[in-house]
>>> print(open('entry.cif').read())   # mmCIF, C-alpha atoms
data_protein
loop_
_atom_site.label_atom_id
_atom_site.label_comp_id
_atom_site.auth_asym_id
_atom_site.auth_seq_id
_atom_site.Cartn_x
_atom_site.Cartn_y
_atom_site.Cartn_z
CA MET A 1 22.78 64.62 56.97
CA THR A 2 19.36 66.13 56.37
CA THR A 3 19.15 69.85 55.63
CA ALA A 4 15.45 70.05 56.56
CA LEU A 5 15.95 71.79 59.91
CA LEU A 6 18.28 74.46 58.53
CA THR A 7 15.19 76.62 58.53
CA ASP A 8 12.98 78.88 60.61
CA ARG A 9 10.08 77.54 62.65
CA TYR A 10 7.49 79.69 60.90
CA GLU A 11 8.05 77.89 57.60
CA LEU A 12 6.62 74.73 59.18
CA THR A 13 3.85 76.47 61.12
CA MET A 14 2.69 78.16 57.88
CA VAL A 15 2.45 74.73 56.29
CA GLN A 16 0.41 73.49 59.26
CA ALA A 17 -2.04 76.38 58.91
CA ALA A 18 -2.26 75.95 55.13
CA LEU A 19 -2.95 72.23 55.48
CA ALA A 20 -5.70 73.04 57.94
CA ASP A 21 -7.49 75.60 55.75
CA GLY A 22 -7.03 73.80 52.44
CA THR A 23 -4.57 76.19 50.74
CA ALA A 24 -1.39 74.12 51.15
CA HIS A 25 -1.62 72.58 47.69
CA ARG A 26 -2.33 75.76 45.76
CA HIS A 27 0.11 76.23 42.90
CA SER A 28 2.52 79.03 43.89
CA VAL A 29 5.44 80.98 42.47
CA PHE A 30 8.16 82.35 44.77
CA GLU A 31 10.88 84.70 43.58
CA VAL A 32 14.30 85.59 44.99
CA PHE A 33 15.50 89.13 44.32
CA THR A 34 17.07 92.10 46.05
CA ARG A 35 15.48 95.55 46.21
CA ARG A 36 18.81 97.37 46.36
CA LEU A 37 22.54 96.70 46.32
CA PRO A 38 24.70 97.15 49.43
CA GLU A 39 26.02 100.65 49.92
CA GLY A 40 28.81 101.46 47.48
CA ARG A 41 28.25 98.45 45.23
CA ARG A 42 27.51 98.79 41.53
CA TYR A 43 26.60 95.17 40.83
CA GLY A 44 25.97 91.89 42.61
CA VAL A 45 27.25 88.41 41.80
CA LEU A 46 24.96 85.41 42.15
CA ALA A 47 26.71 82.59 43.99
CA GLY A 48 25.50 79.60 45.98
CA THR A 49 23.02 78.24 43.45
CA GLY A 50 24.88 74.96 43.15
CA ARG A 51 24.94 74.63 46.94
CA VAL A 52 21.19 75.28 47.06
CA LEU A 53 20.64 72.41 44.64
CA GLU A 54 22.92 70.12 46.64
CA ALA A 55 21.07 71.02 49.84
CA LEU A 56 17.71 70.41 48.14
CA GLU A 57 18.63 66.80 47.43
CA SER A 58 19.05 66.15 51.16
CA PHE A 59 16.03 68.21 52.26
CA ARG A 60 14.23 65.28 53.86
CA PHE A 61 12.47 64.90 57.19
CA ASP A 62 13.89 61.64 58.53
CA ASP A 63 12.57 59.70 61.52
CA THR A 64 14.86 61.42 64.01
CA THR A 65 13.86 64.86 62.74
CA LEU A 66 10.16 64.03 62.76
CA ALA A 67 10.38 62.62 66.29
CA TRP A 68 12.00 65.83 67.51
CA LEU A 69 9.37 68.02 65.83
CA GLU A 70 6.61 65.94 67.42
CA ARG A 71 8.24 65.87 70.84
CA GLU A 72 8.79 69.64 70.83
CA GLN A 73 5.25 70.21 69.52
CA VAL A 74 6.54 72.40 66.71
CA VAL A 75 3.72 71.19 64.44
CA ASP A 76 0.72 68.88 64.77
CA ALA A 77 0.41 65.22 63.81
CA ARG A 78 -1.13 65.99 60.42
CA THR A 79 1.81 68.19 59.48
CA VAL A 80 4.30 65.60 60.71
CA ALA A 81 2.66 63.07 58.40
CA PHE A 82 2.93 65.51 55.49
CA LEU A 83 6.60 66.19 56.22
CA ALA A 84 7.39 62.48 56.39
CA ASP A 85 6.59 62.19 52.68
CA TYR A 86 8.03 65.57 51.68
CA ARG A 87 9.86 65.74 48.38
CA PHE A 88 10.17 68.88 46.30
CA THR A 89 8.43 67.99 43.04
CA GLY A 90 8.25 71.47 41.54
CA SER A 91 10.55 73.45 39.26
CA ILE A 92 13.28 76.01 39.87
CA THR A 93 14.68 78.39 37.30
CA GLY A 94 17.18 81.15 37.84
CA TYR A 95 20.16 83.12 36.68
CA ALA A 96 23.12 80.89 35.96
CA GLU A 97 25.46 80.91 38.94
CA GLY A 98 28.21 83.50 38.53
CA GLU A 99 25.92 85.90 36.66
CA ILE A 100 25.91 89.61 37.49
CA TYR A 101 22.64 90.90 38.93
CA VAL A 102 21.16 94.29 39.82
CA PRO A 103 18.14 95.41 41.89
CA HIS A 104 14.93 93.47 41.06
CA SER A 105 16.74 90.81 39.03
CA PRO A 106 14.69 87.58 39.47
CA VAL A 107 17.75 85.49 40.31
CA LEU A 108 15.74 82.43 41.40
CA THR A 109 12.13 81.34 40.83
CA VAL A 110 10.68 78.43 42.80
CA GLU A 111 7.40 77.00 41.54
CA GLY A 112 5.28 74.26 43.08
CA THR A 113 2.62 73.88 45.71
CA PHE A 114 2.66 76.47 48.49
CA ALA A 115 3.59 73.86 51.09
CA GLU A 116 6.55 72.39 49.23
CA ALA A 117 7.92 75.74 48.02
CA VAL A 118 7.58 77.82 51.20
CA LEU A 119 9.61 75.28 53.17
CA LEU A 120 12.70 76.16 51.12
CA GLU A 121 12.72 79.90 51.89
CA THR A 122 15.15 80.03 54.80
CA LEU A 123 17.61 77.52 53.34
CA VAL A 124 17.68 79.25 49.96
CA LEU A 125 18.20 82.70 51.45
CA SER A 126 20.85 81.65 53.96
CA ILE A 127 22.96 80.13 51.18
CA LEU A 128 22.45 82.78 48.51
CA ASN A 129 22.81 85.77 50.84
CA HIS A 130 26.12 84.48 52.21
CA ASP A 131 27.70 83.17 49.03
CA SER A 132 26.60 86.08 46.85
CA ALA A 133 28.04 88.58 49.34
CA ILE A 134 31.39 86.77 49.28
CA ALA A 135 31.36 86.52 45.50
CA ALA A 136 30.59 90.24 45.09
CA ALA A 137 33.53 91.14 47.33
CA ALA A 138 35.76 88.66 45.51
CA SER A 139 34.76 90.09 42.13
CA ARG A 140 35.73 93.59 43.24
CA MET A 141 39.09 92.22 44.43
CA THR A 142 39.89 90.30 41.25
CA SER A 143 38.78 93.28 39.20
CA ALA A 144 41.18 95.53 41.14
CA ALA A 145 43.96 92.95 40.75
CA VAL A 146 43.49 92.92 36.95
CA ASP A 147 45.75 90.07 35.74
CA ARG A 148 47.46 89.32 39.05
CA PRO A 149 46.13 86.17 40.79
CA CYS A 150 44.15 86.40 44.03
CA LEU A 151 44.36 83.55 46.54
CA GLU A 152 41.72 82.82 49.21
CA MET A 153 43.13 82.42 52.74
CA GLY A 154 40.21 83.22 55.05
CA SER A 155 39.42 79.92 56.77
CA ARG A 156 40.67 81.05 60.18
CA ARG A 157 38.46 84.13 60.14
CA THR A 158 35.02 82.54 59.79
CA HIS A 159 32.88 79.53 60.73
CA GLU A 160 34.41 76.24 59.60
CA HIS A 161 31.58 75.43 57.17
CA ALA A 162 31.28 79.03 55.99
CA ALA A 163 34.97 78.83 55.10
CA VAL A 164 34.26 76.09 52.55
CA ALA A 165 31.38 78.05 51.04
CA ALA A 166 33.48 81.23 50.95
CA ALA A 167 36.31 79.50 49.12
CA ARG A 168 33.86 78.19 46.54
CA ALA A 169 32.28 81.63 46.05
CA ALA A 170 35.70 83.29 45.74
CA VAL A 171 36.81 80.95 42.97
CA ILE A 172 33.55 81.59 41.11
CA ALA A 173 34.43 85.30 41.17
CA GLY A 174 37.94 84.83 39.83
CA PHE A 175 40.20 83.68 42.69
CA THR A 176 42.69 81.09 41.48
CA GLY A 177 43.02 78.96 44.60
CA THR A 178 42.21 78.45 48.26
CA SER A 179 44.04 77.39 51.39
CA ASN A 180 40.99 75.34 52.50
CA LEU A 181 41.49 71.64 51.88
CA GLU A 182 37.83 70.66 52.33
CA ALA A 183 36.84 73.14 49.64
CA GLY A 184 39.52 71.62 47.44
CA ARG A 185 38.25 68.09 48.08
CA VAL A 186 34.54 68.76 47.62
CA TYR A 187 34.65 71.24 44.74
CA GLY A 188 37.90 70.39 42.99
CA LEU A 189 39.46 73.78 43.75
CA PRO A 190 43.23 74.29 43.49
CA THR A 191 44.74 74.45 46.98
CA ILE A 192 47.70 76.57 48.03
CA GLY A 193 49.91 77.10 51.10
CA THR A 194 53.47 76.55 52.31
CA ALA A 195 54.40 77.83 55.79
CA ALA A 196 53.50 80.41 58.43
CA HIS A 197 55.65 82.37 60.88
CA ALA A 198 55.32 79.51 63.36
CA PHE A 199 57.55 77.33 61.19
CA THR A 200 60.31 79.94 61.18
CA LEU A 201 59.97 80.53 64.93
CA LEU A 202 60.20 76.78 65.55
CA HIS A 203 63.79 76.76 64.36
CA ASP A 204 66.88 78.15 66.08
CA ASP A 205 67.47 80.55 63.20
CA GLU A 206 65.92 81.66 59.89
CA GLU A 207 68.57 79.89 57.82
CA SER A 208 67.66 76.46 59.17
CA ALA A 209 63.94 77.14 58.81
CA PHE A 210 64.31 78.05 55.14
CA ALA A 211 66.65 75.13 54.51
CA GLY A 212 64.14 72.73 56.04
CA GLN A 213 61.25 74.08 53.98
CA VAL A 214 63.22 73.98 50.72
CA ALA A 215 64.40 70.45 51.44
CA SER A 216 60.80 69.36 51.95
CA GLN A 217 58.95 71.39 49.32
CA GLY A 218 61.58 72.13 46.69
CA VAL A 219 63.03 75.38 45.41
CA GLY A 220 59.70 76.37 43.88
CA THR A 221 58.23 76.97 47.33
CA THR A 222 57.26 80.34 48.78
CA LEU A 223 59.35 81.55 51.71
CA LEU A 224 57.91 83.96 54.28
CA VAL A 225 60.62 86.59 54.72
CA ASP A 226 59.23 89.08 57.25
CA THR A 227 59.45 87.17 60.53
CA TYR A 228 62.50 89.22 61.52
CA ASP A 229 64.27 91.60 59.15
CA VAL A 230 62.92 91.58 55.57
CA ALA A 231 66.18 92.36 53.78
CA ARG A 232 68.05 89.67 55.72
CA GLY A 233 65.14 87.31 55.14
CA VAL A 234 65.32 87.77 51.36
CA GLU A 235 69.07 87.24 51.42
CA ARG A 236 68.69 84.01 53.41
CA ALA A 237 65.82 82.81 51.22
CA VAL A 238 67.88 83.07 48.05
CA ALA A 239 70.83 81.48 49.79
CA ALA A 240 68.63 78.52 50.79
CA ALA A 241 66.84 77.97 47.48
CA GLY A 242 69.08 79.62 44.91
CA THR A 243 67.99 81.96 42.17
CA ASP A 244 65.18 79.59 41.11
CA LEU A 245 63.26 80.29 44.35
CA GLY A 246 59.56 80.28 43.52
CA ALA A 247 58.39 83.23 45.60
CA VAL A 248 58.77 85.26 48.77
CA ARG A 249 55.82 86.37 50.85
CA LEU A 250 55.36 89.68 52.66
CA ASP A 251 52.76 89.70 55.44
CA SER A 252 53.27 92.99 57.28
CA GLY A 253 54.42 96.57 57.03
CA ASP A 254 54.21 98.94 54.09
CA LEU A 255 53.58 96.31 51.45
CA GLY A 256 53.99 98.64 48.49
CA GLY A 257 57.29 100.08 49.65
CA LEU A 258 58.60 96.70 50.78
CA ALA A 259 57.68 95.13 47.44
CA VAL A 260 59.78 97.73 45.60
CA ASP A 261 62.77 97.10 47.88
CA VAL A 262 62.42 93.33 47.72
CA ARG A 263 62.09 93.29 43.92
CA ARG A 264 65.25 95.35 43.63
CA GLN A 265 67.07 93.04 46.06
CA LEU A 266 65.91 89.84 44.35
CA ASP A 267 67.01 91.13 40.96
CA ALA A 268 70.40 92.14 42.34
CA LEU A 269 70.82 88.61 43.75
CA GLY A 270 70.00 87.09 40.36
CA ALA A 271 66.55 85.81 41.41
CA THR A 272 64.82 87.71 38.63
CA ARG A 273 62.07 85.12 38.22
CA THR A 274 61.24 84.87 41.92
CA LYS A 275 57.76 86.24 42.55
CA ILE A 276 56.45 88.42 45.35
CA VAL A 277 53.25 87.43 47.16
CA VAL A 278 51.63 89.90 49.56
CA THR A 279 49.11 89.17 52.31
CA SER A 280 47.96 91.02 55.49
CA ASP A 281 44.31 92.15 55.73
CA LEU A 282 43.95 93.07 52.08
CA ASP A 283 40.67 94.26 50.59
CA GLU A 284 39.80 95.56 47.12
CA HIS A 285 40.97 99.09 47.98
CA ALA A 286 44.33 97.88 49.26
CA ILE A 287 44.76 95.72 46.18
CA ALA A 288 43.98 98.68 43.93
CA GLY A 289 46.50 100.75 45.89
CA LEU A 290 49.21 98.19 45.09
CA ALA A 291 48.59 98.31 41.34
CA SER A 292 51.89 100.06 40.61
CA ALA A 293 53.93 97.95 43.05
CA PRO A 294 55.97 94.98 41.76
CA VAL A 295 53.56 92.46 43.31
CA ASP A 296 52.78 89.18 41.54
CA SER A 297 49.82 87.86 43.56
CA TYR A 298 47.60 88.66 46.54
CA GLY A 299 46.55 86.45 49.44
CA VAL A 300 43.23 87.62 50.89
CA GLY A 301 41.63 86.44 54.12
CA THR A 302 39.49 88.34 56.60
CA GLN A 303 37.99 90.97 54.33
CA LEU A 304 36.96 88.39 51.76
CA VAL A 305 35.11 86.02 54.09
CA VAL A 306 33.19 88.88 55.75
CA GLY A 307 32.11 90.34 52.41
CA SER A 308 34.47 93.33 52.66
CA GLY A 309 31.92 95.45 54.50
CA ALA A 310 28.78 93.82 53.06
CA PRO A 311 28.35 90.39 54.73
CA THR A 312 24.91 89.89 53.20
CA CYS A 313 23.24 91.17 50.06
CA GLY A 314 19.63 91.60 51.17
CA MET A 315 18.00 88.93 49.01
CA VAL A 316 14.36 88.13 49.80
CA TYR A 317 12.09 85.18 48.89
CA LYS A 318 8.62 86.45 48.08
CA LEU A 319 5.39 84.88 46.89
CA VAL A 320 4.61 86.62 43.57
CA ALA A 321 1.81 84.44 42.19
CA ARG A 322 -0.59 81.81 43.51
CA GLU A 323 -3.58 79.82 42.42
CA ASP A 324 -6.93 81.17 43.61
CA ALA A 325 -10.03 79.23 44.62
CA SER A 326 -11.08 78.91 40.98
CA GLY A 327 -7.73 77.45 39.92
CA THR A 328 -6.46 80.59 38.17
CA LEU A 329 -2.88 81.72 38.80
CA ARG A 330 -3.04 85.27 40.16
CA PRO A 331 -0.16 87.74 40.72
CA VAL A 332 0.27 88.88 44.32
CA ALA A 333 2.55 91.60 45.71
CA LYS A 334 3.56 93.09 49.02
CA ALA A 335 2.76 96.81 49.29
CA SER A 336 4.53 97.71 52.54
CA ALA A 337 6.52 100.95 52.53
CA SER A 338 10.14 100.40 51.41
CA LYS A 339 9.44 96.67 51.04
CA SER A 340 7.15 96.54 48.04
CA SER A 341 7.41 93.86 45.39
CA VAL A 342 6.14 93.35 41.84
CA GLY A 343 3.66 90.52 41.46
CA GLY A 344 3.57 87.85 38.79
CA ARG A 345 5.97 85.37 37.26
CA LYS A 346 8.99 87.09 35.68
CA SER A 347 11.41 86.55 32.86
CA ALA A 348 14.64 88.48 32.36
CA ALA A 349 17.21 89.27 29.71
CA ARG A 350 20.11 91.65 29.41
CA ARG A 351 20.11 94.23 26.64
CA THR A 352 23.47 94.93 25.02
CA ASP A 353 24.70 97.51 22.55
CA GLY A 354 26.64 97.04 19.34
CA GLU A 355 29.87 96.53 21.27
CA GLY A 356 28.39 93.82 23.43
CA ARG A 357 28.17 96.09 26.48
CA ALA A 358 25.18 95.73 28.79
CA THR A 359 22.80 98.67 28.73
CA ALA A 360 19.82 97.42 30.75
CA GLU A 361 18.33 94.56 32.73
CA VAL A 362 14.94 93.88 31.15
CA VAL A 363 12.52 92.19 33.56
CA VAL A 364 9.07 91.38 32.21
CA THR A 365 5.92 90.26 33.97
CA GLY A 366 2.33 89.59 32.95
CA SER A 367 0.19 86.54 32.29
CA ALA A 368 1.93 83.20 32.64
CA ASP A 369 1.54 82.46 28.91
CA ALA A 370 2.90 85.85 27.85
CA VAL A 371 5.93 85.59 30.15
CA ASP A 372 6.68 82.03 29.07
CA ALA A 373 6.51 83.00 25.41
CA TRP A 374 8.72 86.06 25.91
CA GLY A 375 11.21 84.06 27.91
CA ARG A 376 12.13 81.87 24.97
CA VAL A 377 15.10 84.09 24.17
CA PRO A 378 18.26 82.19 23.13
CA ASP A 379 20.97 81.88 25.76
CA GLY A 380 23.28 84.07 23.78
CA HIS A 381 22.89 87.18 21.70
CA GLY A 382 19.84 87.32 19.47
CA GLU A 383 17.16 89.68 18.25
CA HIS A 384 13.89 89.69 20.15
CA GLY A 385 10.72 91.45 19.13
CA GLY A 386 8.68 91.16 22.31
CA PRO A 387 6.05 93.77 23.25
CA ASP A 388 7.56 97.10 24.28
CA VAL A 389 11.05 95.61 24.23
CA GLU A 390 13.59 96.16 21.49
CA GLY A 391 17.27 95.52 21.02
CA GLU A 392 19.75 92.72 21.33
CA LEU A 393 18.99 90.56 24.37
CA ARG A 394 20.70 87.74 26.22
CA ALA A 395 18.48 85.39 28.21
CA LEU A 396 19.45 85.18 31.88
CA GLN A 397 17.35 82.35 33.33
CA VAL A 398 18.15 78.66 33.00
CA PRO A 399 16.40 75.50 34.28
CA LEU A 400 17.84 74.28 37.59
CA VAL A 401 15.20 71.82 38.81
CA VAL A 402 12.62 70.22 36.52
CA ASP A 403 9.70 68.35 38.12
CA GLY A 404 11.76 67.81 41.26
CA SER A 405 14.84 66.56 39.43
CA VAL A 406 18.03 68.59 39.94
CA GLU A 407 20.04 69.49 36.85
CA SER A 408 23.34 68.02 38.07
CA ARG A 409 25.61 70.04 35.80
CA TRP A 410 25.13 73.02 38.15
CA THR A 411 26.42 71.10 41.20
CA GLY A 412 29.81 69.81 42.40
CA PRO A 413 33.13 70.71 40.76
CA SER A 414 31.57 71.03 37.29
CA GLY A 415 29.10 73.58 38.65
CA VAL A 416 31.92 75.72 40.03
CA HIS A 417 33.72 75.59 36.68
CA LEU A 418 30.59 76.67 34.82
CA ALA A 419 29.89 79.45 37.33
CA SER A 420 33.43 80.80 37.14
CA ALA A 421 33.30 80.94 33.35
CA ARG A 422 29.87 82.58 33.46
CA HIS A 423 31.07 85.24 35.86
CA ALA A 424 34.05 86.15 33.70
CA ARG A 425 31.82 86.59 30.64
CA SER A 426 29.12 88.47 32.54
CA ARG A 427 31.55 90.91 34.18
CA ASP A 428 33.29 91.59 30.87
CA GLU A 429 29.90 92.60 29.49
CA LEU A 430 29.45 95.45 31.99
CA PRO A 431 29.67 99.00 30.65
CA ARG A 432 32.90 100.92 31.03
CA GLY A 433 33.27 102.41 34.49
CA ALA A 434 30.96 99.87 36.11
CA ARG A 435 33.87 98.17 37.86
CA ARG A 436 35.11 101.29 39.63
CA LEU A 437 35.36 100.85 43.40
CA SER A 438 33.83 104.23 44.16
CA ALA A 439 30.16 104.46 45.14
CA GLY A 440 27.65 104.98 42.39
CA GLU A 441 24.42 103.87 40.79
CA PRO A 442 23.93 100.22 39.75
CA ALA A 443 26.05 99.32 36.74
CA ILE A 444 22.98 98.96 34.54
CA PRO A 445 19.39 100.14 35.06
CA THR A 446 16.47 97.75 35.55
CA GLU A 447 13.56 98.10 33.15
CA LEU A 448 10.30 96.55 34.36
CA VAL A 449 7.92 95.74 31.51
CA ASP A 450 4.32 94.55 31.91
CA LEU A 451 3.36 92.36 28.95
CA ASP A 452 -0.39 92.53 29.67
#
>>> encode(input="entry.cif", output="structure tokens")
Amino acid sequence: MTTALLTDRYELTMVQAALADGTAHRHSVFEVFTRRLPEGRRYGVLAGTGRVLEALESFRFDDTTLAWLEREQVVDARTVAFLADYRFTGSITGYAEGEIYVPHSPVLTVEGTFAEAVLLETLVLSILNHDSAIAAAASRMTSAAVDRPCLEMGSRRTHEHAAVAAARAAVIAGFTGTSNLEAGRVYGLPTIGTAAHAFTLLHDDEESAFAGQVASQGVGTTLLVDTYDVARGVERAVAAAGTDLGAVRLDSGDLGGLAVDVRRQLDALGATRTKIVVTSDLDEHAIAGLASAPVDSYGVGTQLVVGSGAPTCGMVYKLVAREDASGTLRPVAKASASKSSVGGRKSAARRTDGEGRATAEVVVTGSADAVDAWGRVPDGHGEHGGPDVEGELRALQVPLVVDGSVESRWTGPSGVHLASARHARSRDELPRGARRLSAGEPAIPTELVDLD
């Protein structure tokens, strides 16, 4: 299926106007960044980059699409002819997926002709704004959970395709599995799930329900014990599976208090290795509140897939440089109140201290040659002596698309694995206190440096 119409009409009408006045083929640089973090957030998490690259490969205007555009008179015949041959032949660089970002981080840079680059704006933003919001929420949840696993269970609380994207983003930010089978199939994610209350209610009594589940799934299954009375449910669960029962799940009530009672009861019954899973509208604050309870893992649904109060992260896609009539690449910037931007191609690195803790996001701009030269910082810790910049820096941008060719290691299951590992390393690099759930300033400041 083509992704070409997952866009706004004005992207195409801009191309029509640019073709008409001769500016469509000017070399241009677009940048994705956010001016501020959502209220209460100290850092963002970049997610969705791999999905952007997958969508780019199917961004084609096929015959059916072109016929519809012509019939609806969205654009003129000249533009239809241009779109028929459309292929993105430019380059995309960006932060590696899973990386932490802060305000003004140049998380994605799209470079090519104006016509081929501007067409990608809506698709890029719709993916990155959604997935990054989910990943940021997921990161706060896994941070609050510390070493206890978090499981994604939000498919029934969002759009069917958003559910797949949300599961992917959650695993990038540290979740260990998902209930969504399509996400498991497409991205190689571990899938989880046993039974809901409906299975218990189907049977004439709880004993027969548990017996049926254990017979089918084995004693390592997880039995849902709060359909009726929790204490009786735990007793019946151990009777059905024995003391090697894998886990019991609590989905309602005072989860902290119930977990204490259930742990005591399980131990008294000899099921000392049986784990306790809790679900029921959890968010990062609820997870943090259960830190002292004898809980072994958390199942999270609604709050995860809606971004836990921040369903988007405010990313924008702005033209920051373009070729002028003489062929010179010139920085351009929007000056509107509260929506200003910094012109010019950017490069970015993270400064760290002697303990490997991040102290600043260093974003440089200037002439294309100066930025390119400065940007050759190793992807790892290394000394850099660039103008006005000192200290130990880690390069943040990597090649994603080179001359129209997608770097495939960032896509599919391997891309998720890389992104998950990157997120773990990047989050561990944050300064102490940056992972607190309370409101505060961004975890690290952004330093803008002009190399000219």
>>> resolve_selection(input="entry.cif", expression="the PyMOL selection byres ((chain A and resi 151) around 12)", output="NGL selection string")
:A and (138 or 141-142 or 145 or 148-150 or 152-155 or 166-168 or 170-171 or 173-180 or 189-193 or 277-279 or 282 or 296-301 or 304)
>>> resolve_selection(input="entry.cif", expression="the PyMOL selection byres ((chain A and resi 305-315) around 10)", output="PyMOL selection string")
chain A and resi 31-41+44-46+103-104+107+124-126+128-138+140-141+152-159+162-163+165-167+169-170+282-285+300-304+316-318
>>> atom_distance(input="entry.cif", atom1="atom CA of A:Thr200", atom2="atom CA of A:Leu250")
13.9 Å
>>> resolve_selection(input="entry.cif", expression="the PyMOL selection byres ((chain A and resi 228) around 12)", output="ChimeraX atom specification")
/A:197,200-201,205-207,224-227,229-234,236,250-253
>>> residues_near_point(input="entry.cif", point="(6.4, 78.0, 44.1)", cutoff="7 Å", atoms="all atoms listed in the file", output="list in words")
His27, Ser28, Val29, Phe30, Val110, Glu111, Gly112, Thr113, Phe114 and Ala117 of chain A
>>> closest_residue(input="entry.cif", among="A:Ala348, A:Leu451, A:Ala443, A:Ile172", to="A:Ala47", atoms="only C-alpha atoms")
A:Ile172
>>> atom_distance(input="entry.cif", atom1="atom CA of A:Gly404", atom2="atom CA of A:His161")
26.5 Å
>>> atom_distance(input="entry.cif", atom1="atom CA of A:Thr222", atom2="atom CA of A:Pro413")
27.2 Å
>>> closest_residue(input="entry.cif", among="A:Val75, A:Ala115, A:Leu5, A:Ala67", to="A:Ala55", atoms="all atoms listed in the file")
A:Leu5
>>> residues_around(input="entry.cif", residues="A:Ala17", least_positions_apart="6", cutoff="12 Å", atoms="all atoms listed in the file", output="JSON list (two decimals) with C-alpha atoms, in the frame of the given file")
[["chain", "number", "residue", "atom", "x", "y", "z"],
["A", 10, "TYR", "CA", 7.49, 79.69, 60.90],
["A", 11, "GLU", "CA", 8.05, 77.89, 57.60],
["A", 23, "THR", "CA", -4.57, 76.19, 50.74],
["A", 24, "ALA", "CA", -1.39, 74.12, 51.15],
["A", 25, "HIS", "CA", -1.62, 72.58, 47.69],
["A", 75, "VAL", "CA", 3.72, 71.19, 64.44],
["A", 76, "ASP", "CA", 0.72, 68.88, 64.77],
["A", 78, "ARG", "CA", -1.13, 65.99, 60.42],
["A", 79, "THR", "CA", 1.81, 68.19, 59.48],
["A", 114, "PHE", "CA", 2.66, 76.47, 48.49],
["A", 115, "ALA", "CA", 3.59, 73.86, 51.09]]
>>> residues_around(input="entry.cif", residues="A:Arg427", least_positions_apart="2", cutoff="10 Å", atoms="all atoms listed in the file", output="list of chain:residue names")
A:Tyr43, A:Val45, A:Gly98, A:Glu99, A:Ile100, A:Ser139, A:Ser143, A:Ala173, A:Arg357, A:Ala358, A:Arg422, A:His423, A:Ala424, A:Arg425, A:Glu429, A:Leu430, A:Pro431, A:Ala434, A:Arg435
>>> residues_near_point(input="entry.cif", point="(21.4, 69.5, 44.4)", cutoff="12 Å", atoms="only C-alpha atoms", output="PyMOL selection string")
chain A and resi 3+48-59+88+92+124+400-402+404-412+415
>>> closest_residue(input="entry.cif", among="A:Trp68, A:Gln213, A:Ala288, A:Ser91", to="A:Arg436", atoms="only C-alpha atoms")
A:Ala288
>>> closest_residue(input="entry.cif", among="A:Gly440, A:Gly218, A:Pro331, A:Gly94", to="A:Arg42", atoms="all atoms listed in the file")
A:Gly440
>>> closest_residue(input="entry.cif", among="A:Ile127, A:Leu396, A:Met14, A:Leu448", to="A:Thr93", atoms="all atoms listed in the file")
A:Leu396
>>> closest_residue(input="entry.cif", among="A:Leu66, A:Ala333, A:Val320, A:Ala286", to="A:Asp85", atoms="all atoms listed in the file")
A:Leu66
>>> build_atoms(input="entry.cif", residues="stretch 97-108 of chain A", atoms="N, CA and C atoms", output="compact mmCIF listing (two decimals), keeping the file's coordinate frame")
# COMPACT_ATOMS: atom_id res chain seq x y z
N GLU A 97 24.57 80.49 37.86
CA GLU A 97 25.46 80.91 38.94
C GLU A 97 26.69 81.60 38.36
N GLY A 98 27.11 82.68 39.01
CA GLY A 98 28.21 83.50 38.53
C GLY A 98 27.76 84.73 37.78
N GLU A 99 26.46 84.77 37.42
CA GLU A 99 25.92 85.90 36.66
C GLU A 99 25.89 87.17 37.51
N ILE A 100 26.11 88.30 36.87
CA ILE A 100 25.91 89.61 37.49
C ILE A 100 24.41 89.83 37.67
N TYR A 101 24.03 90.49 38.77
CA TYR A 101 22.64 90.90 38.93
C TYR A 101 22.59 92.33 39.45
N VAL A 102 21.41 92.94 39.33
CA VAL A 102 21.16 94.29 39.82
C VAL A 102 19.82 94.29 40.56
N PRO A 103 19.41 95.41 41.16
CA PRO A 103 18.14 95.41 41.89
C PRO A 103 16.97 94.91 41.03
N HIS A 104 16.14 94.06 41.65
CA HIS A 104 14.93 93.47 41.06
C HIS A 104 15.21 92.37 40.05
N SER A 105 16.47 91.97 39.88
CA SER A 105 16.74 90.81 39.03
C SER A 105 16.11 89.57 39.66
N PRO A 106 15.28 88.81 38.93
CA PRO A 106 14.69 87.58 39.47
C PRO A 106 15.69 86.43 39.42
N VAL A 107 16.61 86.41 40.38
CA VAL A 107 17.75 85.49 40.31
C VAL A 107 17.36 84.04 40.54
N LEU A 108 16.20 83.80 41.19
CA LEU A 108 15.74 82.43 41.40
C LEU A 108 14.22 82.44 41.48
